[in-house]
Amino acid sequence: VSHSQTRQCEIRAKRKYINKGDAAAIETELLRDYKFGQQQLIELWGQACALAITKAYPLSALSKKQPTVLVICGPDQNGSIGLVCARHLRIFDYEPTVYHPKRSSHSLHQDFTIQCEKMDIPFLSYLPTEVQLINDAYNLVIDAMLGLEADSSNIKEPYSGILVTLKQIKIPIVSVDVPSGWDAEEPSQDGINPEVLISLMAPKKCALNFSGKHFLAGRFLPYDIQKKYELNLPDYAGTDCLLEL
């Protein structure tokens with residue numbers, strides 16, 4: 001075994017999977033002490049998510065004639081990240097459609113929505129409950145619904161209904177940060193089963209047993225924060241802003 005492989009194993013053993021509290025604390029510090037803006041963070045994450053999708057599902061590898069992608073956005077920050085991700089996918093020549101059942105009144109969220117509309121990204125008025133329609137229309141689904149702050153034990157409509165549909169679809173699901181319906185701190189037993197997970201900042205505890213493709217988008221984290229929370233993040237290659245764990 002080479003030295004670098006040994007080192008990778010050591011890093012993997014030490015890598016920290018953070019809980020909800022750590023994630024919230026890190027984000028608060030970024031905003032308050034490091035003067036990051038909320039919009040800036042969402043933009044960084046959304047773009048990284050789009051890049052991860054291009055790596056996991058390159059245009060040339062998509063099974064359908066049209067490079068269609070369905071992006072399901074929730075009402076909170078994860079939904080905003082989904083909107084940014086959709087816009088970047090459009091720039092990368094994918095054909096995203098957004099389903100956004102509950103629009104947020106947050107001005108940032110509205111701005112991201114307008115940016116998508118100005119890029120001629122279509123918005124669905126409802127999600128077909130006929131699963132085959134989704135399988136036939138799209139290459140994959142991006143789950144940017146509930147995320148870190150959601151209470152997985154108390155998921156209300158319309159999201160509980162969407163999760164029932166997502167459990168039945170055959171096309172791949174890509175989840176942003178925490179798969180919808182999962183508890184951020186526990187691996188899921190009966191939730192949706194994404195093929196790809198994109199962790200933001202640092203992987204969450206629920207990702208410990210995740211066996212699909214797992215990307216990390218967090219290269220912008222200041223060194224002092226990484227050290228303070230003992231994140232032991234792996235090394236990113238070259239100028240890449242995300243890596244596969």
# chains A, B, ... in the order shown; residues from 1 in each chain; ligands from 1
$ residues_around --residues "Leu140 in chain A" --least-positions-apart "2" --cutoff "7 Å" --atoms "only C-alpha atoms" --output "list in words"
Val69, Leu70, Tyr138, Ile142, Ile171, Pro172 and Ile173 of chain A
$ select_by_dssp --residues "range 42-229 of chain A" --states "alpha helix (DSSP H)" --output "count of residues only"
65
$ select_by_dssp --residues "range 110-207 of chain A" --states "strand (DSSP E or B)" --output "count of residues only"
17
$ closest_atom_pairs --of "range 66-148 of chain A" --to "range 27-50 of chain A" --cutoff "7 Å" --atoms "only C-alpha atoms" --output "tab-separated table"
residue	atom	partner	partner_atom	distance
A:Ser80	CA	A:Ile42	CA	6.8
A:Ile81	CA	A:Gly46	CA	4.6
A:Gly82	CA	A:Gly46	CA	6.3
A:Val84	CA	A:Gly46	CA	4.8
A:Cys85	CA	A:Gly46	CA	4.3
A:His88	CA	A:Ala50	CA	6.0
A:Leu89	CA	A:Ala50	CA	5.6
A:Leu108	CA	A:Gln39	CA	6.9
$ residues_around --residues "Glu130 in chain A" --least-positions-apart "3" --cutoff "10 Å" --atoms "only C-alpha atoms" --output "ChimeraX atom specification"
/A:127,133-135,165,168-169
$ write_last_selection --atoms "N, CA and C atoms" --output "PDB file, in the first residue's frame"
ATOM      1  N   LEU A 127     -46.876  17.999  -9.297  1.00  0.00           N
ATOM      2  CA  LEU A 127     -46.015  16.840  -9.566  1.00  0.00           C
ATOM      3  C   LEU A 127     -46.918  15.668  -9.941  1.00  0.00           C
ATOM      4  N   LEU A 133     -44.785   8.698 -15.486  1.00  0.00           N
ATOM      5  CA  LEU A 133     -44.641   9.973 -16.209  1.00  0.00           C
ATOM      6  C   LEU A 133     -43.315  10.646 -15.851  1.00  0.00           C
ATOM      7  N   ILE A 134     -42.940  10.558 -14.579  1.00  0.00           N
ATOM      8  CA  ILE A 134     -41.667  11.160 -14.140  1.00  0.00           C
ATOM      9  C   ILE A 134     -40.498  10.354 -14.710  1.00  0.00           C
ATOM     10  N   ASN A 135     -40.600   9.026 -14.619  1.00  0.00           N
ATOM     11  CA  ASN A 135     -39.536   8.164 -15.166  1.00  0.00           C
ATOM     12  C   ASN A 135     -39.307   8.441 -16.649  1.00  0.00           C
ATOM     13  N   THR A 165     -43.999   9.543  -3.650  1.00  0.00           N
ATOM     14  CA  THR A 165     -43.714   9.425  -5.090  1.00  0.00           C
ATOM     15  C   THR A 165     -42.237   9.123  -5.335  1.00  0.00           C
ATOM     16  N   GLN A 168     -40.933   5.656  -5.159  1.00  0.00           N
ATOM     17  CA  GLN A 168     -41.356   4.704  -6.190  1.00  0.00           C
ATOM     18  C   GLN A 168     -40.670   4.897  -7.538  1.00  0.00           C
ATOM     19  N   ILE A 169     -40.033   6.070  -7.737  1.00  0.00           N
ATOM     20  CA  ILE A 169     -39.486   6.315  -9.076  1.00  0.00           C
ATOM     21  C   ILE A 169     -38.263   5.437  -9.345  1.00  0.00           C
TER      22      ILE A 169
END
$ closest_residue --among "A:Leu221, A:Ala56, A:Ile162, A:Ile121" --to "Asp143 in chain A" --atoms "only C-alpha atoms"
A:Ile162
$ decode --residues "range 96-120 of chain A" --atoms "N, CA, C and O atoms" --output "short mmCIF file (atom, residue, chain, number, x, y, z; two decimals), in the first residue's frame"
data_model
loop_
_atom_site.label_atom_id
_atom_site.label_comp_id
_atom_site.auth_asym_id
_atom_site.auth_seq_id
_atom_site.Cartn_x
_atom_site.Cartn_y
_atom_site.Cartn_z
N PRO A 96 -33.19 21.73 -17.02
CA PRO A 96 -33.88 21.55 -15.73
C PRO A 96 -35.32 22.05 -15.79
O PRO A 96 -35.64 23.02 -16.50
N THR A 97 -36.17 21.37 -15.03
CA THR A 97 -37.53 21.84 -14.74
C THR A 97 -37.61 21.89 -13.22
O THR A 97 -37.11 21.00 -12.54
N VAL A 98 -38.23 22.94 -12.69
CA VAL A 98 -38.31 23.09 -11.25
C VAL A 98 -39.74 22.80 -10.78
O VAL A 98 -40.71 23.26 -11.39
N TYR A 99 -39.84 22.02 -9.71
CA TYR A 99 -41.12 21.89 -9.01
C TYR A 99 -40.93 22.49 -7.63
O TYR A 99 -40.06 22.06 -6.87
N HIS A 100 -41.75 23.49 -7.34
CA HIS A 100 -41.54 24.33 -6.17
C HIS A 100 -42.91 24.57 -5.53
O HIS A 100 -43.51 25.61 -5.73
N PRO A 101 -43.42 23.57 -4.78
CA PRO A 101 -44.82 23.64 -4.37
C PRO A 101 -45.17 24.76 -3.41
O PRO A 101 -46.25 25.30 -3.45
N LYS A 102 -44.24 25.12 -2.52
CA LYS A 102 -44.54 26.20 -1.57
C LYS A 102 -43.48 27.27 -1.71
O LYS A 102 -42.35 27.09 -1.27
N ARG A 103 -43.84 28.37 -2.33
CA ARG A 103 -42.87 29.45 -2.53
C ARG A 103 -42.61 30.16 -1.21
O ARG A 103 -43.53 30.44 -0.46
N SER A 104 -41.36 30.46 -0.97
CA SER A 104 -41.00 31.18 0.25
C SER A 104 -41.24 32.67 0.05
O SER A 104 -41.13 33.19 -1.06
N SER A 105 -41.53 33.36 1.15
CA SER A 105 -41.69 34.82 1.07
C SER A 105 -40.35 35.52 1.26
O SER A 105 -40.25 36.74 1.15
N HIS A 106 -39.29 34.73 1.52
CA HIS A 106 -37.95 35.30 1.73
C HIS A 106 -37.48 35.96 0.44
O HIS A 106 -37.54 35.38 -0.63
N SER A 107 -36.97 37.19 0.55
CA SER A 107 -36.63 37.95 -0.66
C SER A 107 -35.53 37.25 -1.47
O SER A 107 -35.56 37.26 -2.71
N LEU A 108 -34.56 36.64 -0.78
CA LEU A 108 -33.49 35.93 -1.49
C LEU A 108 -34.06 34.80 -2.33
O LEU A 108 -33.68 34.59 -3.48
N HIS A 109 -34.98 34.06 -1.72
CA HIS A 109 -35.60 32.92 -2.39
C HIS A 109 -36.35 33.40 -3.63
O HIS A 109 -36.27 32.79 -4.70
N GLN A 110 -37.01 34.54 -3.49
CA GLN A 110 -37.74 35.10 -4.64
C GLN A 110 -36.78 35.54 -5.73
O GLN A 110 -37.05 35.35 -6.92
N ASP A 111 -35.64 36.11 -5.32
CA ASP A 111 -34.64 36.52 -6.32
C ASP A 111 -34.12 35.32 -7.11
O ASP A 111 -34.01 35.37 -8.34
N PHE A 112 -33.82 34.23 -6.40
CA PHE A 112 -33.33 33.03 -7.08
C PHE A 112 -34.39 32.46 -8.03
O PHE A 112 -34.07 31.95 -9.09
N THR A 113 -35.67 32.58 -7.62
CA THR A 113 -36.76 32.10 -8.47
C THR A 113 -36.81 32.92 -9.76
O THR A 113 -36.91 32.37 -10.86
N ILE A 114 -36.72 34.25 -9.62
CA ILE A 114 -36.75 35.12 -10.80
C ILE A 114 -35.57 34.82 -11.72
O ILE A 114 -35.73 34.78 -12.95
N GLN A 115 -34.40 34.56 -11.13
CA GLN A 115 -33.22 34.25 -11.97
C GLN A 115 -33.49 33.00 -12.82
O GLN A 115 -33.10 32.95 -13.98
N CYS A 116 -34.16 32.01 -12.22
CA CYS A 116 -34.50 30.80 -12.99
C CYS A 116 -35.51 31.11 -14.09
O CYS A 116 -35.38 30.66 -15.23
N GLU A 117 -36.53 31.89 -13.74
CA GLU A 117 -37.56 32.23 -14.73
C GLU A 117 -36.95 32.99 -15.90
O GLU A 117 -37.30 32.76 -17.06
N LYS A 118 -36.00 33.87 -15.60
CA LYS A 118 -35.34 34.66 -16.66
C LYS A 118 -34.45 33.79 -17.55
O LYS A 118 -34.09 34.20 -18.66
N MET A 119 -34.08 32.61 -17.05
CA MET A 119 -33.29 31.67 -17.86
C MET A 119 -34.21 30.72 -18.62
O MET A 119 -33.75 29.72 -19.16
N ASP A 120 -35.51 31.02 -18.61
CA ASP A 120 -36.51 30.18 -19.29
C ASP A 120 -36.56 28.76 -18.74
O ASP A 120 -36.79 27.79 -19.48
#
